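Content type mmCIF, C-alpha atoms and all ligand atoms, from the file my_file.cif:
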```cif
data_work
#
loop_
_atom_site.label_atom_id
_atom_site.label_comp_id
_atom_site.auth_asym_id
_atom_site.auth_seq_id
_atom_site.Cartn_x
_atom_site.Cartn_y
_atom_site.Cartn_z
CA MET A 18 -44.20 -50.28 -232.55
CA SER A 19 -47.37 -49.70 -230.60
CA HIS A 20 -45.85 -46.92 -228.52
CA ILE A 21 -45.59 -44.72 -231.61
CA ASP A 22 -49.27 -44.10 -231.11
CA ARG A 23 -48.93 -43.27 -227.41
CA TYR A 24 -47.89 -39.70 -228.12
CA ALA A 25 -49.14 -36.78 -230.17
CA ILE A 26 -46.34 -36.98 -232.72
CA PRO A 27 -47.09 -35.53 -236.17
CA ASN A 28 -48.43 -38.07 -238.65
CA ASP A 29 -45.48 -37.56 -241.02
CA ALA A 30 -43.17 -38.68 -238.26
CA LYS A 31 -45.36 -41.67 -237.46
CA VAL A 32 -45.15 -42.84 -241.09
CA LEU A 33 -41.36 -42.74 -240.91
CA LEU A 34 -41.26 -44.44 -237.53
CA ARG A 35 -43.46 -47.28 -238.78
CA ALA A 36 -41.16 -47.77 -241.76
CA HIS A 37 -38.22 -47.84 -239.38
CA ASP A 38 -40.00 -50.46 -237.31
CA ASP A 39 -40.66 -52.55 -240.39
CA CYS A 40 -36.97 -52.43 -241.25
CA ARG A 41 -35.98 -53.33 -237.72
CA PHE A 42 -38.14 -56.43 -237.68
CA GLY A 43 -37.18 -57.48 -241.22
CA ARG A 44 -40.48 -56.68 -242.89
CA ILE A 45 -38.74 -54.35 -245.36
CA LYS A 46 -35.10 -54.10 -246.47
CA HIS A 47 -32.80 -51.37 -245.32
CA HIS A 48 -32.60 -49.75 -248.74
CA GLU A 49 -36.39 -49.51 -248.76
CA LEU A 50 -36.29 -47.58 -245.51
CA VAL A 51 -33.64 -45.28 -246.97
CA ARG A 52 -35.97 -44.66 -249.89
CA VAL A 53 -38.95 -43.88 -247.65
CA VAL A 54 -36.88 -41.35 -245.72
CA GLN A 55 -35.47 -39.78 -248.86
CA LEU A 56 -38.89 -39.46 -250.43
CA SER A 57 -40.24 -37.65 -247.40
CA THR A 58 -40.08 -33.96 -248.26
CA ASN A 59 -39.46 -32.65 -244.76
CA ALA A 60 -37.96 -35.63 -242.95
CA ARG A 61 -35.36 -33.62 -241.06
CA LYS A 62 -37.86 -31.17 -239.66
CA VAL A 63 -40.40 -33.83 -238.78
CA LEU A 64 -37.84 -36.08 -237.08
CA THR A 65 -36.27 -33.24 -235.12
CA GLU A 66 -39.71 -32.18 -233.92
CA ALA A 67 -40.44 -35.74 -232.83
CA ILE A 68 -37.16 -35.87 -230.87
CA LYS A 69 -37.96 -32.59 -229.13
CA LYS A 70 -41.42 -33.83 -228.29
CA CYS A 71 -39.99 -37.00 -226.73
CA ALA A 72 -37.39 -35.02 -224.80
CA ARG A 73 -40.20 -32.93 -223.33
CA ILE A 74 -42.14 -36.06 -222.39
CA ILE A 75 -39.09 -37.57 -220.65
CA ALA A 76 -38.70 -34.42 -218.62
CA THR A 77 -42.29 -34.32 -217.45
CA LYS A 78 -43.13 -38.05 -217.34
CA PRO A 79 -39.95 -39.95 -216.47
CA TRP A 80 -41.83 -43.27 -216.48
CA GLU A 81 -42.21 -42.93 -220.25
CA LEU A 82 -38.42 -42.88 -220.62
CA ASN A 83 -37.93 -46.23 -222.34
CA TYR A 84 -40.61 -45.65 -224.96
CA CYS A 85 -39.35 -42.16 -225.68
CA VAL A 86 -35.74 -43.21 -225.95
CA ASP A 87 -36.78 -45.90 -228.39
CA ILE A 88 -38.45 -43.28 -230.58
CA ILE A 89 -35.55 -40.84 -230.25
CA GLN A 90 -33.16 -43.59 -231.26
CA ALA A 91 -35.22 -44.42 -234.36
CA CYS A 92 -35.48 -40.74 -235.30
CA THR A 93 -31.74 -40.30 -234.89
CA GLU A 94 -31.03 -43.24 -237.15
CA MET A 95 -33.28 -41.79 -239.81
CA LEU A 96 -31.73 -38.33 -239.43
CA ALA A 97 -28.43 -40.02 -240.19
CA ILE A 98 -29.94 -41.24 -243.47
CA THR A 99 -30.89 -37.70 -244.41
CA THR A 100 -27.31 -36.51 -243.92
CA ALA A 101 -25.75 -39.54 -245.66
CA PRO A 102 -28.04 -40.35 -248.58
CA ASP A 103 -26.32 -43.61 -249.41
CA GLY A 104 -27.15 -44.82 -245.92
CA ALA A 105 -23.55 -45.78 -245.26
CA PHE A 106 -23.32 -43.86 -242.03
CA PHE A 107 -26.63 -45.23 -240.92
CA LEU A 108 -25.53 -48.82 -241.46
CA LEU A 109 -22.32 -48.29 -239.56
CA TRP A 110 -24.11 -46.64 -236.70
CA TYR A 111 -26.89 -49.16 -236.66
CA GLN A 112 -24.50 -52.11 -236.52
CA ASN A 113 -22.91 -50.64 -233.43
CA MET A 114 -26.19 -50.49 -231.60
CA PRO A 115 -26.73 -53.05 -228.84
CA PRO A 116 -29.42 -55.69 -229.36
CA GLN A 117 -32.87 -54.52 -228.34
CA HIS A 118 -33.10 -56.51 -225.14
CA GLU A 119 -29.83 -55.23 -223.74
CA GLU A 120 -29.50 -52.37 -221.30
CA PHE A 121 -31.01 -48.95 -221.69
CA PRO A 122 -29.60 -47.38 -224.87
CA PHE A 123 -29.76 -43.72 -223.85
CA LEU A 124 -26.00 -43.37 -223.80
CA LYS A 125 -25.80 -44.69 -227.36
CA LEU A 126 -27.71 -41.66 -228.58
CA PRO A 127 -25.62 -38.89 -230.12
CA ARG A 128 -24.40 -36.36 -227.59
CA ASP A 129 -26.45 -33.53 -229.11
CA ILE A 130 -29.64 -35.46 -228.59
CA ARG A 131 -28.68 -36.29 -225.01
CA ARG A 132 -28.04 -32.56 -224.42
CA MET A 133 -31.49 -31.81 -225.75
CA VAL A 134 -32.96 -34.23 -223.21
CA TYR A 135 -30.95 -32.69 -220.34
CA ASP A 136 -32.07 -29.24 -221.41
CA GLU A 137 -35.72 -30.22 -221.42
CA TYR A 138 -35.25 -31.91 -218.06
CA LEU A 139 -33.69 -28.78 -216.59
CA LYS A 140 -36.31 -26.50 -218.10
CA ASN A 141 -38.97 -28.53 -216.37
CA ASN A 142 -37.17 -28.64 -213.07
CA ILE A 143 -36.46 -24.94 -212.78
CA SER A 144 -39.11 -22.38 -213.43
CA LYS A 145 -36.90 -19.35 -214.07
CA ALA A 146 -34.84 -19.23 -217.24
CA ASP A 147 -31.92 -17.56 -215.51
CA SER A 148 -32.09 -19.30 -212.22
CA ILE A 149 -29.52 -19.73 -209.52
CA LEU A 150 -28.10 -22.86 -207.97
CA VAL A 151 -27.58 -22.64 -204.25
CA ALA A 152 -25.12 -24.96 -202.61
CA TYR A 153 -26.94 -26.89 -199.85
CA PRO A 154 -25.99 -27.65 -197.21
CA LYS A 155 -22.96 -25.56 -196.24
CA ARG A 156 -20.04 -27.88 -196.84
CA GLY A 157 -17.23 -26.46 -194.82
CA GLY A 158 -18.97 -26.28 -191.46
CA CYS A 159 -17.42 -22.80 -191.12
CA GLN A 160 -18.39 -20.15 -188.62
CA CYS A 161 -19.33 -17.49 -191.19
CA SER A 162 -22.39 -15.56 -190.20
CA GLY A 163 -24.34 -16.48 -193.25
CA LEU A 164 -25.69 -12.95 -193.25
CA GLY A 165 -26.65 -12.06 -196.73
CA ALA A 166 -26.37 -15.66 -197.58
CA GLN A 167 -29.98 -16.57 -197.24
CA PRO A 168 -31.11 -17.57 -200.69
CA ASP A 169 -34.01 -15.53 -201.96
CA ALA A 170 -37.36 -17.13 -201.48
CA HIS A 171 -38.02 -17.61 -205.19
CA LEU A 172 -34.98 -19.80 -205.73
CA SER A 173 -35.90 -23.37 -206.33
CA ARG A 174 -34.01 -26.54 -205.67
CA ILE A 175 -33.13 -28.65 -208.62
CA ASN A 176 -34.09 -32.26 -208.86
CA THR A 177 -30.77 -33.87 -209.72
CA ALA A 178 -32.05 -37.44 -209.79
CA LEU A 179 -30.89 -37.72 -213.39
CA ALA A 180 -27.34 -37.04 -212.27
CA GLN A 181 -27.41 -40.09 -210.05
CA THR A 182 -28.18 -42.57 -212.80
CA CYS A 183 -24.62 -43.41 -213.84
CA ARG A 184 -21.21 -41.79 -214.00
CA LEU A 185 -21.16 -40.63 -217.62
CA LEU A 186 -24.72 -39.40 -217.50
CA SER A 187 -23.99 -37.62 -214.26
CA ALA A 188 -20.96 -35.84 -215.73
CA GLU A 189 -22.83 -34.79 -218.88
CA PHE A 190 -25.89 -33.64 -217.00
CA LEU A 191 -23.90 -31.66 -214.45
CA GLU A 192 -21.83 -30.10 -217.21
CA GLN A 193 -25.03 -28.78 -218.73
CA LEU A 194 -26.35 -27.70 -215.36
CA TYR A 195 -23.25 -25.73 -214.39
CA ARG A 196 -22.98 -24.06 -217.76
CA ARG A 197 -26.54 -22.90 -217.63
CA TYR A 198 -27.07 -21.53 -214.16
CA THR A 199 -25.46 -19.15 -211.71
CA VAL A 200 -23.90 -20.95 -208.77
CA HIS A 201 -24.44 -19.06 -205.54
CA TYR A 202 -22.25 -19.40 -202.44
CA THR A 203 -23.00 -18.02 -199.03
CA CYS A 204 -19.35 -17.52 -198.10
CA THR A 205 -15.96 -18.04 -199.70
CA CYS A 206 -15.19 -21.14 -197.60
CA ASP A 207 -18.20 -22.76 -199.14
CA MET A 208 -16.98 -21.77 -202.58
CA HIS A 209 -13.49 -23.03 -201.83
CA GLN A 210 -14.69 -26.45 -200.64
CA SER A 211 -17.06 -26.80 -203.54
CA LEU A 212 -14.62 -25.81 -206.30
CA ARG A 213 -11.88 -27.93 -204.79
CA ALA A 214 -14.01 -31.07 -204.61
CA ASN A 215 -15.87 -30.75 -207.89
CA THR A 216 -13.81 -30.82 -211.08
CA VAL A 217 -16.85 -30.86 -213.36
CA LEU A 218 -18.08 -27.70 -211.69
CA ARG A 219 -14.68 -26.01 -211.95
CA GLU A 220 -14.40 -26.80 -215.63
CA ASN A 221 -17.93 -25.78 -216.58
CA VAL A 222 -19.26 -23.07 -214.34
CA ARG A 223 -19.96 -19.82 -216.19
CA ARG A 224 -21.49 -17.62 -213.51
CA ILE A 225 -20.72 -17.44 -209.82
CA LYS A 226 -22.33 -15.28 -207.16
CA VAL A 227 -20.64 -15.20 -203.78
CA HIS A 228 -20.90 -13.25 -200.56
CA TRP A 229 -17.23 -12.31 -200.06
CA ASN A 230 -16.57 -13.25 -196.47
CA GLY A 231 -14.75 -16.03 -194.68
CA PRO A 232 -11.29 -17.22 -193.69
CA GLU A 233 -10.66 -19.08 -196.97
CA SER A 234 -11.20 -16.21 -199.42
CA ASP A 235 -7.61 -16.32 -200.69
CA MET A 236 -7.77 -20.03 -201.52
CA ALA A 237 -11.27 -19.69 -202.92
CA PHE A 238 -10.34 -16.94 -205.41
CA ARG A 239 -7.24 -18.89 -206.40
CA LEU A 240 -9.60 -21.67 -207.51
CA VAL A 241 -11.94 -19.22 -209.22
CA ARG A 242 -9.01 -18.25 -211.39
CA ARG A 243 -8.84 -21.86 -212.56
CA CYS A 244 -12.48 -21.92 -213.69
CA SER A 245 -11.68 -21.70 -217.38
CA ARG A 246 -15.25 -21.10 -218.57
CA LEU A 247 -16.18 -18.54 -215.94
CA LYS A 248 -17.57 -15.39 -217.55
CA ILE A 249 -19.54 -13.59 -214.88
CA LEU A 250 -18.51 -13.05 -211.28
CA HIS A 251 -20.94 -11.39 -208.89
CA LEU A 252 -19.43 -10.35 -205.57
CA VAL A 253 -21.66 -9.35 -202.69
CA ILE A 254 -19.77 -7.26 -200.13
CA SER A 255 -20.60 -6.39 -196.54
CA LYS A 256 -18.85 -5.32 -193.36
CA ALA A 257 -18.05 -9.01 -192.85
CA THR A 258 -15.83 -8.92 -195.97
CA THR A 259 -13.03 -7.40 -193.89
CA ASN A 260 -13.41 -9.73 -190.89
CA HIS A 261 -10.40 -11.50 -192.35
CA LEU A 262 -7.50 -9.48 -193.74
CA THR A 263 -4.57 -10.16 -196.04
CA ARG A 264 -1.44 -11.56 -194.40
CA ARG A 265 0.35 -8.32 -195.20
CA GLU A 266 -2.26 -6.15 -193.51
CA GLU A 267 -2.32 -8.40 -190.47
CA ARG A 268 1.43 -7.98 -190.16
CA MET A 269 1.21 -4.23 -190.59
CA GLN A 270 -1.35 -4.01 -187.82
CA GLN A 271 1.25 -5.32 -185.40
CA TYR A 272 3.20 -2.11 -185.97
CA PHE A 273 0.71 0.50 -187.20
CA ARG A 274 -2.60 1.62 -185.87
CA PRO A 275 -5.34 -0.31 -187.76
CA GLN A 276 -7.65 1.53 -190.12
CA LYS A 277 -11.16 1.75 -188.75
CA PRO A 278 -13.15 0.45 -190.47
CA ALA A 279 -10.77 -1.78 -192.40
CA ARG A 280 -10.47 -0.93 -196.09
CA ILE A 281 -11.92 -3.40 -198.53
CA CYS A 282 -8.65 -3.49 -200.45
CA ASP A 283 -7.12 -5.12 -197.35
CA ALA A 284 -9.71 -7.90 -197.28
CA LEU A 285 -8.39 -11.45 -197.43
CA GLY A 286 -8.55 -12.67 -201.02
CA MET A 287 -8.00 -9.29 -202.68
CA ASP A 288 -4.58 -10.22 -204.11
CA GLU A 289 -5.89 -13.51 -205.52
CA LEU A 290 -9.00 -11.81 -206.88
CA LEU A 291 -6.88 -9.34 -208.82
CA ARG A 292 -5.07 -12.18 -210.58
CA ILE A 293 -8.26 -13.50 -212.21
CA ARG A 294 -8.54 -12.74 -215.94
CA GLY A 295 -10.76 -13.35 -218.93
CA LEU A 296 -14.17 -12.49 -217.45
CA ASP A 297 -16.94 -10.77 -219.39
CA THR A 298 -18.38 -8.92 -216.42
CA VAL A 299 -17.86 -8.43 -212.71
CA PHE A 300 -20.77 -7.24 -210.62
CA VAL A 301 -20.21 -5.85 -207.15
CA SER A 302 -23.24 -5.30 -204.98
CA ASN A 303 -23.71 -4.22 -201.40
CA ILE A 304 -25.54 -6.52 -199.07
CA THR A 305 -29.09 -5.41 -198.31
CA THR A 306 -29.75 -3.78 -194.95
CA ARG A 307 -32.13 -6.59 -194.14
CA GLN A 308 -29.33 -9.10 -194.59
CA GLY A 309 -26.33 -7.46 -192.96
CA PHE A 310 -24.13 -4.41 -192.42
CA ARG A 311 -23.47 -2.56 -195.64
CA ARG A 312 -20.24 -1.00 -196.82
CA SER A 313 -20.16 2.51 -198.21
CA ASP A 314 -21.43 3.16 -201.74
CA ASP A 315 -18.06 4.69 -202.61
CA GLU A 316 -16.28 1.51 -201.69
CA ARG A 317 -18.66 -0.57 -203.76
CA ALA A 318 -18.27 1.69 -206.78
CA ASN A 319 -14.48 1.83 -206.52
CA LEU A 320 -14.19 -1.93 -206.20
CA HIS A 321 -16.52 -2.40 -209.14
CA HIS A 322 -14.38 -0.09 -211.24
CA LEU A 323 -11.12 -1.72 -210.19
CA LEU A 324 -12.30 -5.28 -210.87
CA ASN A 325 -13.86 -4.45 -214.22
CA THR A 326 -10.66 -2.77 -215.32
CA GLN A 327 -8.46 -5.58 -214.10
CA LEU A 328 -10.37 -8.81 -214.58
CA VAL A 329 -12.45 -8.20 -217.66
CA THR A 330 -10.20 -6.85 -220.33
CA HIS A 331 -7.57 -9.57 -220.24
CA ASN A 332 -7.64 -13.29 -220.76
CA ILE A 333 -6.18 -16.02 -218.62
CA ALA A 334 -3.41 -16.81 -221.09
CA SER A 335 -2.06 -13.27 -221.03
CA SER A 336 -2.09 -13.16 -217.24
CA ASP A 337 -0.22 -16.45 -217.08
CA SER A 338 2.53 -15.01 -219.22
CA GLN A 339 3.03 -12.10 -216.86
ZN ZN B 1 -17.59 -19.68 -194.43
#
```
Would it be possible to restate this file's structure as structure tokens?
Ligand SMILES: [Zn+2]
Amino acid sequence: MSHIDRYAIPNDAKVLLRAHDDCRFGRIKHHELVRVVQLSTNARKVLTEAIKKCARIIATKPWELNYCVDIIQACTEMLAITTAPDGAFFLLWYQNMPPQHEEFPFLKLPRDIRRMVYDEYLKNNISKADSILVAYPKRGGCQCSGLGAQPDAHLSRINTALAQTCRLLSAEFLEQLYRRYTVHYTCTCDMHQSLRANTVLRENVRRIKVHWNGPESDMAFRLVRRCSRLKILHLVISKATTNHLTRREERMQQYFRPQKPARICDALGMDELLRIRGLDTVFVSNITTRQGFRRSDDERANLHHLLNTQLVTHNIASSDSQ
């Protein structure tokens, strides 16, 4: 396998890969390969390192994909030998592999290895470890001001080309993406449209940041409640949060003089928000003066206290039983 020498893989790994190649092309028997792997004192470490190295190469030099996948596949097969010394698992797995000339075998790799590749890909596509995904462009075509919604300058767009390769790969890659990063919405209509249309997102997102404003806040928070893996919710509030009020408050205003300014507890979506459970943390922050009209610090602090008392200490199952 000439491409073994293309990369700076440790020599120990190269020895194993050459033996694997010999077995593949019938130059040595399978049991001889098993023996070579077993005799190698640190096969597991060496092979895992080689896989990581290839994953990094795929992420930075996509054109090397086929060579790297070939090496990853060989390493994975040999790792299987180290976990099943009689080679039984290896044989079974190997027999299920497609012939060499058939289509790209990436999806035949174990899921853990594929995850490793996605991770490396993401690491190389986003500079910050705890970065934020911003939904572009606004989906709903709503009239929300967008104040406070401008993504910070340092946020980078993610190259999601890998997600467009095929359906399974797309689902797996996006799963990893949504679990890893904070998804940021500029208004609740945007969040509503996005969560409604994207099941993979709903099932995997762990952190959401949203500027609470818009006419669909009630429906949006109802969907947030269904995000089973959501752990962190970051609400940004502003004067625009009370541009839309709960149905109850709207009705009351037909008979009673409206509160000026409107209280945040009368903002549309409050009832649905209070039904969310099972979060680890809720952050509430005021919009910056540069971005929009701020609410009072008292209101921010009170809301923060209320939501952390209500949403964090329970889990979804217990709320469902209520
Ligand atoms: Zn909107």
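Each of A:Cys282, A:His47, A:Thr258, A:Leu328 was compared to Arg312 in chain A using all atoms listed in the file, and A:Thr258 turns out to be the nearest.
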Could you produce a table of the residues of chain A lying within 7 Å of ligand ZN 1 (chain B), with the nearest pair of atoms per residue and their separation in Å rounded to one decimal, using only C-alpha atoms and all ligand atoms, ordered by chain and increasing residue number, as a tab-separated table?
```
residue	atom	partner	partner_atom	distance
A:Gly157	CA	B:ZN1	ZN	6.8
A:Cys159	CA	B:ZN1	ZN	4.6
A:Gln160	CA	B:ZN1	ZN	5.9
A:Cys161	CA	B:ZN1	ZN	4.3
A:Cys204	CA	B:ZN1	ZN	4.6
A:Thr205	CA	B:ZN1	ZN	5.8
A:Cys206	CA	B:ZN1	ZN	4.2
A:Asp207	CA	B:ZN1	ZN	5.7
A:Asn230	CA	B:ZN1	ZN	6.8
A:Gly231	CA	B:ZN1	ZN	4.6
A:Pro232	CA	B:ZN1	ZN	6.8
```
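Computed from the coordinates, the CA of Leu290 in chain A to CA of Phe238 in chain A distance equals 5.5 Å.
Residue nearest Met236 in chain A within the list A:Leu139, A:Met269, A:Ile254, A:Leu212: A:Leu212 [criterion: smallest interatomic distance, only C-alpha atoms].
Minimum distance to Tyr198 in chain A across A:Leu126, A:Leu247, A:Leu186, A:Ala237 (counting only C-alpha atoms) occurs at A:Leu247.
Atom to atom, CA of Arg239 in chain A and CA of Leu185 in chain A stand 28.1 Å apart.
CA of Ala318 in chain A to CA of Ile281 in chain A spans 11.6 Å [interatomic distance, one decimal].
Point (-5.8, -14.6, -205.4) has the following residues at most 10 Å away: Ser234, Asp235, Met236, Ala237, Phe238, Arg239, Leu240, Val241, Arg242, Leu285, Gly286, Met287, Asp288, Glu289, Leu290, Leu291, Arg292 and Ile293 of chain A (atoms considered: all atoms listed in the file).
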Leaving out range 214-224 of chain A and any residue of its chain fewer than 4 positions from it, which residues lie within 10 Å of it when counting all atoms listed in the file, given as a PyMOL selection string? chain A and resi 149+187-189+191-201+208-210+240-251+296+298-299
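Of the residues listed (A:Lys62, A:His20, A:His228, A:His321), A:His20 shows the shortest atom-to-atom separation from Leu82 in chain A; distances use only C-alpha atoms.
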